[in-house]
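Enquirer: PDB, N, CA and C atoms, file entry-v2.pdb:
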ATOM      1  N   MET A1119      44.368  99.952 -10.001
ATOM      2  CA  MET A1119      44.858  98.663 -10.431
ATOM      3  C   MET A1119      46.379  98.710 -10.489
ATOM      4  N   ASN A1120      47.008  97.653 -10.008
ATOM      5  CA  ASN A1120      48.458  97.610 -10.115
ATOM      6  C   ASN A1120      48.881  96.568 -11.152
ATOM      7  N   LYS A1121      50.124  96.636 -11.524
ATOM      8  CA  LYS A1121      50.640  95.812 -12.619
ATOM      9  C   LYS A1121      50.549  94.313 -12.313
ATOM     10  N   GLU A1122      50.574  93.946 -11.057
ATOM     11  CA  GLU A1122      50.513  92.531 -10.692
ATOM     12  C   GLU A1122      49.189  91.882 -11.100
ATOM     13  N   ASN A1123      48.149  92.672 -11.304
ATOM     14  CA  ASN A1123      46.845  92.145 -11.708
ATOM     15  C   ASN A1123      46.719  91.967 -13.210
ATOM     16  N   ILE A1124      47.767  92.316 -13.953
ATOM     17  CA  ILE A1124      47.710  92.321 -15.416
ATOM     18  C   ILE A1124      48.707  91.306 -15.961
ATOM     19  N   THR A1125      48.279  90.584 -16.974
ATOM     20  CA  THR A1125      49.208  89.753 -17.726
ATOM     21  C   THR A1125      49.390  90.396 -19.097
ATOM     22  N   PHE A1126      50.508  90.093 -19.723
ATOM     23  CA  PHE A1126      50.837  90.675 -21.016
ATOM     24  C   PHE A1126      51.056  89.551 -22.008
ATOM     25  N   GLN A1127      50.539  89.773 -23.208
ATOM     26  CA  GLN A1127      50.625  88.748 -24.244
ATOM     27  C   GLN A1127      51.029  89.402 -25.558
ATOM     28  N   ILE A1128      52.013  88.821 -26.218
ATOM     29  CA  ILE A1128      52.434  89.297 -27.529
ATOM     30  C   ILE A1128      51.509  88.676 -28.572
ATOM     31  N   GLY A1129      51.059  89.482 -29.522
ATOM     32  CA  GLY A1129      50.205  88.984 -30.594
ATOM     33  C   GLY A1129      50.585  89.606 -31.918
ATOM     34  N   ASP A1130      49.778  89.379 -32.926
ATOM     35  CA  ASP A1130      49.956  89.980 -34.257
ATOM     36  C   ASP A1130      51.389  89.855 -34.760
ATOM     37  N   ASN A1131      51.870  88.627 -34.840
ATOM     38  CA  ASN A1131      53.224  88.380 -35.349
ATOM     39  C   ASN A1131      54.296  89.148 -34.579
ATOM     40  N   GLY A1132      54.098  89.315 -33.293
ATOM     41  CA  GLY A1132      55.099  89.971 -32.465
ATOM     42  C   GLY A1132      55.094  91.477 -32.547
ATOM     43  N   CYS A1133      54.043  92.072 -33.099
ATOM     44  CA  CYS A1133      53.994  93.524 -33.276
ATOM     45  C   CYS A1133      52.966  94.212 -32.382
ATOM     46  N   ARG A1134      52.302  93.491 -31.557
ATOM     47  CA  ARG A1134      51.319  94.084 -30.648
ATOM     48  C   ARG A1134      51.443  93.362 -29.316
ATOM     49  N   ILE A1135      51.351  94.139 -28.263
ATOM     50  CA  ILE A1135      51.347  93.550 -26.930
ATOM     51  C   ILE A1135      50.027  93.927 -26.267
ATOM     52  N   TYR A1136      49.390  92.929 -25.668
ATOM     53  CA  TYR A1136      48.084  93.113 -25.039
ATOM     54  C   TYR A1136      48.224  93.111 -23.522
ATOM     55  N   ALA A1137      47.451  93.958 -22.866
ATOM     56  CA  ALA A1137      47.296  93.937 -21.412
ATOM     57  C   ALA A1137      45.973  93.235 -21.133
ATOM     58  N   ILE A1138      46.020  92.214 -20.285
ATOM     59  CA  ILE A1138      44.836  91.397 -20.016
ATOM     60  C   ILE A1138      44.618  91.348 -18.512
ATOM     61  N   CYS A1139      43.391  91.606 -18.114
ATOM     62  CA  CYS A1139      43.027  91.571 -16.698
ATOM     63  C   CYS A1139      41.732  90.778 -16.557
ATOM     64  N   GLY A1140      41.754  89.748 -15.751
ATOM     65  CA  GLY A1140      40.561  88.934 -15.563
ATOM     66  C   GLY A1140      40.056  88.310 -16.849
ATOM     67  N   GLY A1141      40.967  87.971 -17.753
ATOM     68  CA  GLY A1141      40.593  87.369 -19.022
ATOM     69  C   GLY A1141      40.127  88.345 -20.083
ATOM     70  N   LYS A1142      40.090  89.631 -19.754
ATOM     71  CA  LYS A1142      39.616  90.658 -20.693
ATOM     72  C   LYS A1142      40.796  91.491 -21.188
ATOM     73  N   LYS A1143      40.853  91.713 -22.512
ATOM     74  CA  LYS A1143      41.873  92.610 -23.064
ATOM     75  C   LYS A1143      41.481  94.040 -22.713
ATOM     76  N   ILE A1144      42.344  94.698 -21.931
ATOM     77  CA  ILE A1144      42.022  96.059 -21.478
ATOM     78  C   ILE A1144      42.863  97.115 -22.182
ATOM     79  N   GLY A1145      43.820  96.668 -22.987
ATOM     80  CA  GLY A1145      44.630  97.617 -23.737
ATOM     81  C   GLY A1145      45.626  96.899 -24.616
ATOM     82  N   ASN A1146      46.159  97.638 -25.577
ATOM     83  CA  ASN A1146      47.201  97.077 -26.416
ATOM     84  C   ASN A1146      48.078  98.196 -26.950
ATOM     85  N   LEU A1147      49.271  97.813 -27.333
ATOM     86  CA  LEU A1147      50.236  98.761 -27.870
ATOM     87  C   LEU A1147      50.832  98.131 -29.125
ATOM     88  N   PHE A1148      50.835  98.890 -30.214
ATOM     89  CA  PHE A1148      51.366  98.411 -31.485
ATOM     90  C   PHE A1148      52.780  98.922 -31.666
ATOM     91  N   PHE A1149      53.687  98.023 -32.043
ATOM     92  CA  PHE A1149      55.070  98.413 -32.292
ATOM     93  C   PHE A1149      55.632  97.568 -33.431
ATOM     94  N   VAL A1150      56.669  98.070 -34.052
ATOM     95  CA  VAL A1150      57.349  97.326 -35.108
ATOM     96  C   VAL A1150      58.841  97.348 -34.827
ATOM     97  N   ARG A1151      59.477  96.298 -35.210
ATOM     98  CA  ARG A1151      60.934  96.229 -35.140
ATOM     99  C   ARG A1151      61.468  96.831 -36.425
ATOM    100  N   VAL A1152      62.402  97.740 -36.311
ATOM    101  CA  VAL A1152      62.984  98.424 -37.459
ATOM    102  C   VAL A1152      64.454  98.016 -37.528
ATOM    103  N   GLY A1153      64.805  97.302 -38.573
ATOM    104  CA  GLY A1153      66.166  96.803 -38.669
ATOM    105  C   GLY A1153      66.461  95.845 -37.535
ATOM    106  N   SER A1154      67.708  95.742 -37.190
ATOM    107  CA  SER A1154      68.103  94.814 -36.126
ATOM    108  C   SER A1154      68.284  95.492 -34.780
ATOM    109  N   ASP A1155      68.085  96.837 -34.744
ATOM    110  CA  ASP A1155      68.440  97.530 -33.506
ATOM    111  C   ASP A1155      67.422  98.551 -33.007
ATOM    112  N   LYS A1156      66.217  98.591 -33.592
ATOM    113  CA  LYS A1156      65.237  99.590 -33.168
ATOM    114  C   LYS A1156      63.842  98.984 -33.030
ATOM    115  N   ILE A1157      63.051  99.621 -32.176
ATOM    116  CA  ILE A1157      61.611  99.351 -32.056
ATOM    117  C   ILE A1157      60.911 100.691 -32.145
ATOM    118  N   MET A1158      59.871 100.761 -32.969
ATOM    119  CA  MET A1158      59.083 101.981 -33.096
ATOM    120  C   MET A1158      57.670 101.703 -32.588
ATOM    121  N   ILE A1159      57.244 102.494 -31.605
ATOM    122  CA  ILE A1159      55.883 102.402 -31.068
ATOM    123  C   ILE A1159      55.017 103.374 -31.848
ATOM    124  N   SER A1160      53.894 102.868 -32.377
ATOM    125  CA  SER A1160      53.060 103.755 -33.186
ATOM    126  C   SER A1160      51.733 104.113 -32.540
ATOM    127  N   GLU A1161      51.175 103.247 -31.721
ATOM    128  CA  GLU A1161      49.890 103.598 -31.108
ATOM    129  C   GLU A1161      49.575 102.703 -29.927
ATOM    130  N   ALA A1162      48.720 103.216 -29.070
ATOM    131  CA  ALA A1162      48.200 102.446 -27.944
ATOM    132  C   ALA A1162      46.691 102.636 -27.912
ATOM    133  N   GLU A1163      46.003 101.577 -27.551
ATOM    134  CA  GLU A1163      44.547 101.626 -27.381
ATOM    135  C   GLU A1163      44.226 101.052 -26.014
ATOM    136  N   ILE A1164      43.459 101.818 -25.244
ATOM    137  CA  ILE A1164      43.110 101.404 -23.891
ATOM    138  C   ILE A1164      41.593 101.402 -23.759
ATOM    139  N   ASP A1165      41.062 100.354 -23.143
ATOM    140  CA  ASP A1165      39.633 100.277 -22.864
ATOM    141  C   ASP A1165      39.252 101.518 -22.053
ATOM    142  N   PRO A1166      38.184 102.218 -22.453
ATOM    143  CA  PRO A1166      37.801 103.454 -21.740
ATOM    144  C   PRO A1166      37.607 103.268 -20.236
ATOM    145  N   ASP A1167      37.217 102.088 -19.797
ATOM    146  CA  ASP A1167      37.026 101.832 -18.369
ATOM    147  C   ASP A1167      38.350 101.813 -17.596
ATOM    148  N   TYR A1168      39.483 101.758 -18.308
ATOM    149  CA  TYR A1168      40.786 101.650 -17.671
ATOM    150  C   TYR A1168      41.694 102.826 -18.004
ATOM    151  N   LYS A1169      41.162 103.879 -18.588
ATOM    152  CA  LYS A1169      41.961 105.012 -19.068
ATOM    153  C   LYS A1169      42.820 105.672 -17.994
ATOM    154  N   THR A1170      42.385 105.694 -16.775
ATOM    155  CA  THR A1170      43.126 106.407 -15.721
ATOM    156  C   THR A1170      43.957 105.473 -14.846
ATOM    157  N   GLN A1171      44.264 104.285 -15.336
ATOM    158  CA  GLN A1171      44.912 103.295 -14.475
ATOM    159  C   GLN A1171      46.316 102.895 -14.932
ATOM    160  N   ASP A1172      47.000 103.760 -15.653
ATOM    161  CA  ASP A1172      48.408 103.554 -16.038
ATOM    162  C   ASP A1172      48.654 102.362 -16.954
ATOM    163  N   ILE A1173      47.637 101.912 -17.666
ATOM    164  CA  ILE A1173      47.803 100.762 -18.553
ATOM    165  C   ILE A1173      48.825 101.083 -19.653
ATOM    166  N   GLU A1174      48.793 102.303 -20.190
ATOM    167  CA  GLU A1174      49.761 102.691 -21.222
ATOM    168  C   GLU A1174      51.188 102.564 -20.686
ATOM    169  N   LEU A1175      51.411 103.026 -19.476
ATOM    170  CA  LEU A1175      52.731 102.941 -18.862
ATOM    171  C   LEU A1175      53.166 101.484 -18.727
ATOM    172  N   TYR A1176      52.275 100.631 -18.266
ATOM    173  CA  TYR A1176      52.617  99.222 -18.103
ATOM    174  C   TYR A1176      52.965  98.582 -19.446
ATOM    175  N   LEU A1177      52.225  98.944 -20.494
ATOM    176  CA  LEU A1177      52.522  98.417 -21.828
ATOM    177  C   LEU A1177      53.879  98.913 -22.320
ATOM    178  N   VAL A1178      54.158 100.188 -22.109
ATOM    179  CA  VAL A1178      55.459 100.734 -22.498
ATOM    180  C   VAL A1178      56.569 100.010 -21.739
ATOM    181  N   GLN A1179      56.387  99.769 -20.456
ATOM    182  CA  GLN A1179      57.394  99.058 -19.673
ATOM    183  C   GLN A1179      57.676  97.679 -20.259
ATOM    184  N   GLU A1180      56.644  97.014 -20.736
ATOM    185  CA  GLU A1180      56.835  95.698 -21.343
ATOM    186  C   GLU A1180      57.642  95.793 -22.633
ATOM    187  N   VAL A1181      57.363  96.805 -23.453
ATOM    188  CA  VAL A1181      58.139  96.991 -24.681
ATOM    189  C   VAL A1181      59.587  97.374 -24.339
ATOM    190  N   ILE A1182      59.760  98.176 -23.315
ATOM    191  CA  ILE A1182      61.114  98.544 -22.867
ATOM    192  C   ILE A1182      61.882  97.279 -22.461
ATOM    193  N   ASN A1183      61.215  96.373 -21.767
ATOM    194  CA  ASN A1183      61.863  95.116 -21.381
ATOM    195  C   ASN A1183      62.291  94.319 -22.606
ATOM    196  N   ILE A1184      61.426  94.268 -23.617
ATOM    197  CA  ILE A1184      61.763  93.579 -24.869
ATOM    198  C   ILE A1184      62.978  94.246 -25.503
ATOM    199  N   ALA A1185      62.972  95.573 -25.557
ATOM    200  CA  ALA A1185      64.079  96.309 -26.168
ATOM    201  C   ALA A1185      65.389  96.026 -25.432
ATOM    202  N   ARG A1186      65.349  96.009 -24.137
ATOM    203  CA  ARG A1186      66.568  95.740 -23.365
ATOM    204  C   ARG A1186      67.078  94.322 -23.612
ATOM    205  N   GLU A1187      66.162  93.362 -23.641
ATOM    206  CA  GLU A1187      66.557  91.973 -23.895
ATOM    207  C   GLU A1187      67.169  91.803 -25.278
ATOM    208  N   GLN A1188      66.643  92.541 -26.255
ATOM    209  CA  GLN A1188      67.099  92.407 -27.642
ATOM    210  C   GLN A1188      68.147  93.446 -28.033
ATOM    211  N   HIS A1189      68.592  94.239 -27.070
ATOM    212  CA  HIS A1189      69.605  95.284 -27.308
ATOM    213  C   HIS A1189      69.168  96.233 -28.426
ATOM    214  N   ARG A1190      67.947  96.741 -28.287
ATOM    215  CA  ARG A1190      67.377  97.676 -29.258
ATOM    216  C   ARG A1190      67.115  99.014 -28.596
ATOM    217  N   LYS A1191      66.988 100.039 -29.416
ATOM    218  CA  LYS A1191      66.558 101.357 -28.972
ATOM    219  C   LYS A1191      65.094 101.518 -29.347
ATOM    220  N   VAL A1192      64.383 102.373 -28.607
ATOM    221  CA  VAL A1192      62.946 102.563 -28.811
ATOM    222  C   VAL A1192      62.662 104.008 -29.157
ATOM    223  N   MET A1193      61.748 104.188 -30.108
ATOM    224  CA  MET A1193      61.236 105.521 -30.408
ATOM    225  C   MET A1193      59.726 105.410 -30.548
ATOM    226  N   SER A1194      59.061 106.540 -30.404
ATOM    227  CA  SER A1194      57.606 106.558 -30.497
ATOM    228  C   SER A1194      57.158 107.646 -31.459
ATOM    229  N   ILE A1195      56.190 107.301 -32.300
ATOM    230  CA  ILE A1195      55.559 108.318 -33.142
ATOM    231  C   ILE A1195      54.188 108.693 -32.588
ATOM    232  N   CYS A1196      53.845 108.118 -31.450
ATOM    233  CA  CYS A1196      52.592 108.437 -30.757
ATOM    234  C   CYS A1196      52.890 109.524 -29.729
ATOM    235  N   PRO A1197      52.274 110.693 -29.855
ATOM    236  CA  PRO A1197      52.563 111.787 -28.916
ATOM    237  C   PRO A1197      52.324 111.414 -27.451
ATOM    238  N   TYR A1198      51.293 110.655 -27.181
ATOM    239  CA  TYR A1198      51.000 110.297 -25.797
ATOM    240  C   TYR A1198      52.094 109.385 -25.233
ATOM    241  N   ILE A1199      52.521 108.418 -26.015
ATOM    242  CA  ILE A1199      53.581 107.517 -25.561
ATOM    243  C   ILE A1199      54.898 108.280 -25.436
ATOM    244  N   SER A1200      55.143 109.225 -26.341
ATOM    245  CA  SER A1200      56.348 110.052 -26.246
ATOM    246  C   SER A1200      56.372 110.805 -24.921
ATOM    247  N   GLN A1201      55.216 111.257 -24.455
ATOM    248  CA  GLN A1201      55.138 111.948 -23.156
ATOM    249  C   GLN A1201      55.517 111.023 -22.009
ATOM    250  N   ILE A1202      55.158 109.755 -22.126
ATOM    251  CA  ILE A1202      55.540 108.791 -21.091
ATOM    252  C   ILE A1202      57.059 108.711 -21.011
ATOM    253  N   PHE A1203      57.728 108.717 -22.176
ATOM    254  CA  PHE A1203      59.191 108.694 -22.182
ATOM    255  C   PHE A1203      59.756 109.926 -21.482
ATOM    256  N   VAL A1204      59.178 111.076 -21.724
ATOM    257  CA  VAL A1204      59.646 112.314 -21.104
ATOM    258  C   VAL A1204      59.484 112.251 -19.587
ATOM    259  N   GLN A1205      58.404 111.663 -19.131
ATOM    260  CA  GLN A1205      58.101 111.602 -17.701
ATOM    261  C   GLN A1205      58.875 110.513 -16.960
ATOM    262  N   HIS A1206      59.528 109.612 -17.699
ATOM    263  CA  HIS A1206      60.200 108.473 -17.063
ATOM    264  C   HIS A1206      61.644 108.355 -17.536
ATOM    265  N   PRO A1207      62.554 109.071 -16.894
ATOM    266  CA  PRO A1207      63.964 109.033 -17.306
ATOM    267  C   PRO A1207      64.595 107.645 -17.151
ATOM    268  N   GLU A1208      63.956 106.749 -16.424
ATOM    269  CA  GLU A1208      64.507 105.397 -16.298
ATOM    270  C   GLU A1208      64.497 104.640 -17.625
ATOM    271  N   PHE A1209      63.806 105.201 -18.647
ATOM    272  CA  PHE A1209      63.795 104.601 -19.980
ATOM    273  C   PHE A1209      64.877 105.188 -20.892
ATOM    274  N   ASP A1210      65.639 106.149 -20.391
ATOM    275  CA  ASP A1210      66.620 106.850 -21.234
ATOM    276  C   ASP A1210      67.647 105.909 -21.854
ATOM    277  N   ASP A1211      67.952 104.806 -21.199
ATOM    278  CA  ASP A1211      68.965 103.898 -21.739
ATOM    279  C   ASP A1211      68.554 103.261 -23.060
ATOM    280  N   VAL A1212      67.254 103.202 -23.334
ATOM    281  CA  VAL A1212      66.793 102.604 -24.593
ATOM    282  C   VAL A1212      66.099 103.602 -25.515
ATOM    283  N   ARG A1213      65.945 104.829 -25.062
ATOM    284  CA  ARG A1213      65.253 105.822 -25.875
ATOM    285  C   ARG A1213      66.150 106.255 -27.035
ATOM    286  N   LEU A1214      65.604 106.190 -28.251
ATOM    287  CA  LEU A1214      66.381 106.547 -29.435
ATOM    288  C   LEU A1214      66.347 108.042 -29.699
ATOM    289  N   LEU A1215      65.176 108.630 -29.591
ATOM    290  CA  LEU A1215      65.033 110.051 -29.905
ATOM    291  C   LEU A1215      64.835 110.865 -28.637
ATOM    292  N   ASN A1216      65.086 112.151 -28.739
ATOM    293  CA  ASN A1216      64.975 113.055 -27.619
ATOM    294  C   ASN A1216      63.558 113.127 -27.078
ATOM    295  N   ASN A1217      62.539 113.018 -27.922
ATOM    296  CA  ASN A1217      61.123 113.035 -27.502
ATOM    297  C   ASN A1217      60.789 114.226 -26.609
ATOM    298  N   GLY A1218      61.311 115.377 -26.935
ATOM    299  CA  GLY A1218      60.934 116.589 -26.224
ATOM    300  C   GLY A1218      61.780 116.905 -25.020
ATOM    301  N   ARG A1219      62.765 116.142 -24.718
ATOM    302  CA  ARG A1219      63.602 116.402 -23.545
ATOM    303  C   ARG A1219      64.859 117.111 -23.921
TER     304      ARG A1219
END
Can the structure in the file be given as structure tokens, please?
Expert:
Amino acid sequence: MNKENITFQIGDNGCRIYAICGGKKIGNLFFVRVGSDKIMISEAEIDPDYKTQDIELYLVQEVINIAREQHRKVMSICPYISQIFVQHPEFDDVRLLNNGR
């Protein structure tokens, strides 16, 4: 599955972003805004049928876009999401913490 088949929707008072494919929620990522300049990602949940299809990466990319638009830095307390940051140096401009790098 590629990203073009997925739509993204902000929910839960702006603290959760959903990945939707064919009208079905296939994943979500929970984040909070901390102060006026940070976003903290705490967890991601992906439908088991979509676990190997980069849904977590697509959700992180959406949060990165939000962070860039709002001039915020991003950090993650979720080990799996932190690994995505390590694997994708293109996010370094908004990454707040070293996250293992």
Enquirer: Can you list, as a short mmCIF file (atom, residue, chain, number, x, y, z; two decimals) with N, CA and C atoms, in the frame of the given file, every residue of chain A that DSSP puts in strand (DSSP E or B)?
Expert:
data_model
loop_
_atom_site.label_atom_id
_atom_site.label_comp_id
_atom_site.auth_asym_id
_atom_site.auth_seq_id
_atom_site.Cartn_x
_atom_site.Cartn_y
_atom_site.Cartn_z
N THR A 1125 48.28 90.58 -16.97
CA THR A 1125 49.21 89.75 -17.73
C THR A 1125 49.39 90.40 -19.10
N PHE A 1126 50.51 90.09 -19.72
CA PHE A 1126 50.84 90.68 -21.02
C PHE A 1126 51.06 89.55 -22.01
N GLN A 1127 50.54 89.77 -23.21
CA GLN A 1127 50.62 88.75 -24.24
C GLN A 1127 51.03 89.40 -25.56
N ILE A 1128 52.01 88.82 -26.22
CA ILE A 1128 52.43 89.30 -27.53
C ILE A 1128 51.51 88.68 -28.57
N GLY A 1129 51.06 89.48 -29.52
CA GLY A 1129 50.20 88.98 -30.59
C GLY A 1129 50.58 89.61 -31.92
N ARG A 1134 52.30 93.49 -31.56
CA ARG A 1134 51.32 94.08 -30.65
C ARG A 1134 51.44 93.36 -29.32
N ILE A 1135 51.35 94.14 -28.26
CA ILE A 1135 51.35 93.55 -26.93
C ILE A 1135 50.03 93.93 -26.27
N TYR A 1136 49.39 92.93 -25.67
CA TYR A 1136 48.08 93.11 -25.04
C TYR A 1136 48.22 93.11 -23.52
N ALA A 1137 47.45 93.96 -22.87
CA ALA A 1137 47.30 93.94 -21.41
C ALA A 1137 45.97 93.24 -21.13
N ILE A 1138 46.02 92.21 -20.28
CA ILE A 1138 44.84 91.40 -20.02
C ILE A 1138 44.62 91.35 -18.51
N CYS A 1139 43.39 91.61 -18.11
CA CYS A 1139 43.03 91.57 -16.70
C CYS A 1139 41.73 90.78 -16.56
N LYS A 1142 40.09 89.63 -19.75
CA LYS A 1142 39.62 90.66 -20.69
C LYS A 1142 40.80 91.49 -21.19
N LYS A 1143 40.85 91.71 -22.51
CA LYS A 1143 41.87 92.61 -23.06
C LYS A 1143 41.48 94.04 -22.71
N ILE A 1144 42.34 94.70 -21.93
CA ILE A 1144 42.02 96.06 -21.48
C ILE A 1144 42.86 97.12 -22.18
N GLY A 1145 43.82 96.67 -22.99
CA GLY A 1145 44.63 97.62 -23.74
C GLY A 1145 45.63 96.90 -24.62
N ASN A 1146 46.16 97.64 -25.58
CA ASN A 1146 47.20 97.08 -26.42
C ASN A 1146 48.08 98.20 -26.95
N LEU A 1147 49.27 97.81 -27.33
CA LEU A 1147 50.24 98.76 -27.87
C LEU A 1147 50.83 98.13 -29.12
N PHE A 1148 50.84 98.89 -30.21
CA PHE A 1148 51.37 98.41 -31.48
C PHE A 1148 52.78 98.92 -31.67
N PHE A 1149 53.69 98.02 -32.04
CA PHE A 1149 55.07 98.41 -32.29
C PHE A 1149 55.63 97.57 -33.43
N VAL A 1150 56.67 98.07 -34.05
CA VAL A 1150 57.35 97.33 -35.11
C VAL A 1150 58.84 97.35 -34.83
N ARG A 1151 59.48 96.30 -35.21
CA ARG A 1151 60.93 96.23 -35.14
C ARG A 1151 61.47 96.83 -36.42
N VAL A 1152 62.40 97.74 -36.31
CA VAL A 1152 62.98 98.42 -37.46
C VAL A 1152 64.45 98.02 -37.53
N LYS A 1156 66.22 98.59 -33.59
CA LYS A 1156 65.24 99.59 -33.17
C LYS A 1156 63.84 98.98 -33.03
N ILE A 1157 63.05 99.62 -32.18
CA ILE A 1157 61.61 99.35 -32.06
C ILE A 1157 60.91 100.69 -32.15
N MET A 1158 59.87 100.76 -32.97
CA MET A 1158 59.08 101.98 -33.10
C MET A 1158 57.67 101.70 -32.59
N ILE A 1159 57.24 102.49 -31.60
CA ILE A 1159 55.88 102.40 -31.07
C ILE A 1159 55.02 103.37 -31.85
N SER A 1160 53.89 102.87 -32.38
CA SER A 1160 53.06 103.76 -33.19
C SER A 1160 51.73 104.11 -32.54
N GLU A 1161 51.18 103.25 -31.72
CA GLU A 1161 49.89 103.60 -31.11
C GLU A 1161 49.58 102.70 -29.93
N ALA A 1162 48.72 103.22 -29.07
CA ALA A 1162 48.20 102.45 -27.94
C ALA A 1162 46.69 102.64 -27.91
N GLU A 1163 46.00 101.58 -27.55
CA GLU A 1163 44.55 101.63 -27.38
C GLU A 1163 44.23 101.05 -26.01
N ILE A 1164 43.46 101.82 -25.24
CA ILE A 1164 43.11 101.40 -23.89
C ILE A 1164 41.59 101.40 -23.76
N LYS A 1191 66.99 100.04 -29.42
CA LYS A 1191 66.56 101.36 -28.97
C LYS A 1191 65.09 101.52 -29.35
N VAL A 1192 64.38 102.37 -28.61
CA VAL A 1192 62.95 102.56 -28.81
C VAL A 1192 62.66 104.01 -29.16
N MET A 1193 61.75 104.19 -30.11
CA MET A 1193 61.24 105.52 -30.41
C MET A 1193 59.73 105.41 -30.55
N SER A 1194 59.06 106.54 -30.40
CA SER A 1194 57.61 106.56 -30.50
C SER A 1194 57.16 107.65 -31.46
N ARG A 1213 65.94 104.83 -25.06
CA ARG A 1213 65.25 105.82 -25.88
C ARG A 1213 66.15 106.26 -27.04
#
Enquirer: For this structure, which residues satisfy the selection - the PyMOL selection byres ((chain A and resi 1199) around 8) - when it is evaluated on the file as given? I want them as number ranges by chain.
Expert: A: 1159-1162, 1174-1175, 1178, 1193-1198, 1200-1205
Enquirer: If the PyMOL selection byres ((chain A and resi 1192) around 8) is run on the structure shown, which residues does it catch, given as a list of chain:residue names?
Expert: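 Selected by the PyMOL selection byres ((chain A and resi 1192) around 8) here: A:Asp1155, A:Lys1156, A:Ile1157, A:Met1158, A:Ile1159, A:Val1181, A:Ile1182, A:Ala1185, A:Arg1186, A:His1189, A:Arg1190, A:Lys1191, A:Met1193, A:Ser1194, A:Ile1195, A:Asp1211, A:Val1212, A:Arg1213, A:Leu1214, A:Leu1215.
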Enquirer: Counting all atoms listed in the file, which residue out of A:Lys1121, A:Gly1153, A:Asp1165, A:Leu1177 sits closest to Tyr1136 in chain A?
Expert: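 Using all atoms listed in the file, Tyr1136 in chain A sits closest to A:Leu1177.
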Enquirer: Using all atoms listed in the file and a cutoff of 7 Å, can you tell me which residues are near (56.0, 93.6, -26.5) in the file's coordinates, and write them out as a list in words?
Expert: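 Here is the list of nearby residues: Gln1127, Ile1128, Gly1132, Cys1133, Arg1134, Ile1135, Tyr1136, Glu1180, Val1181, Ile1182 and Ile1184 of chain A.
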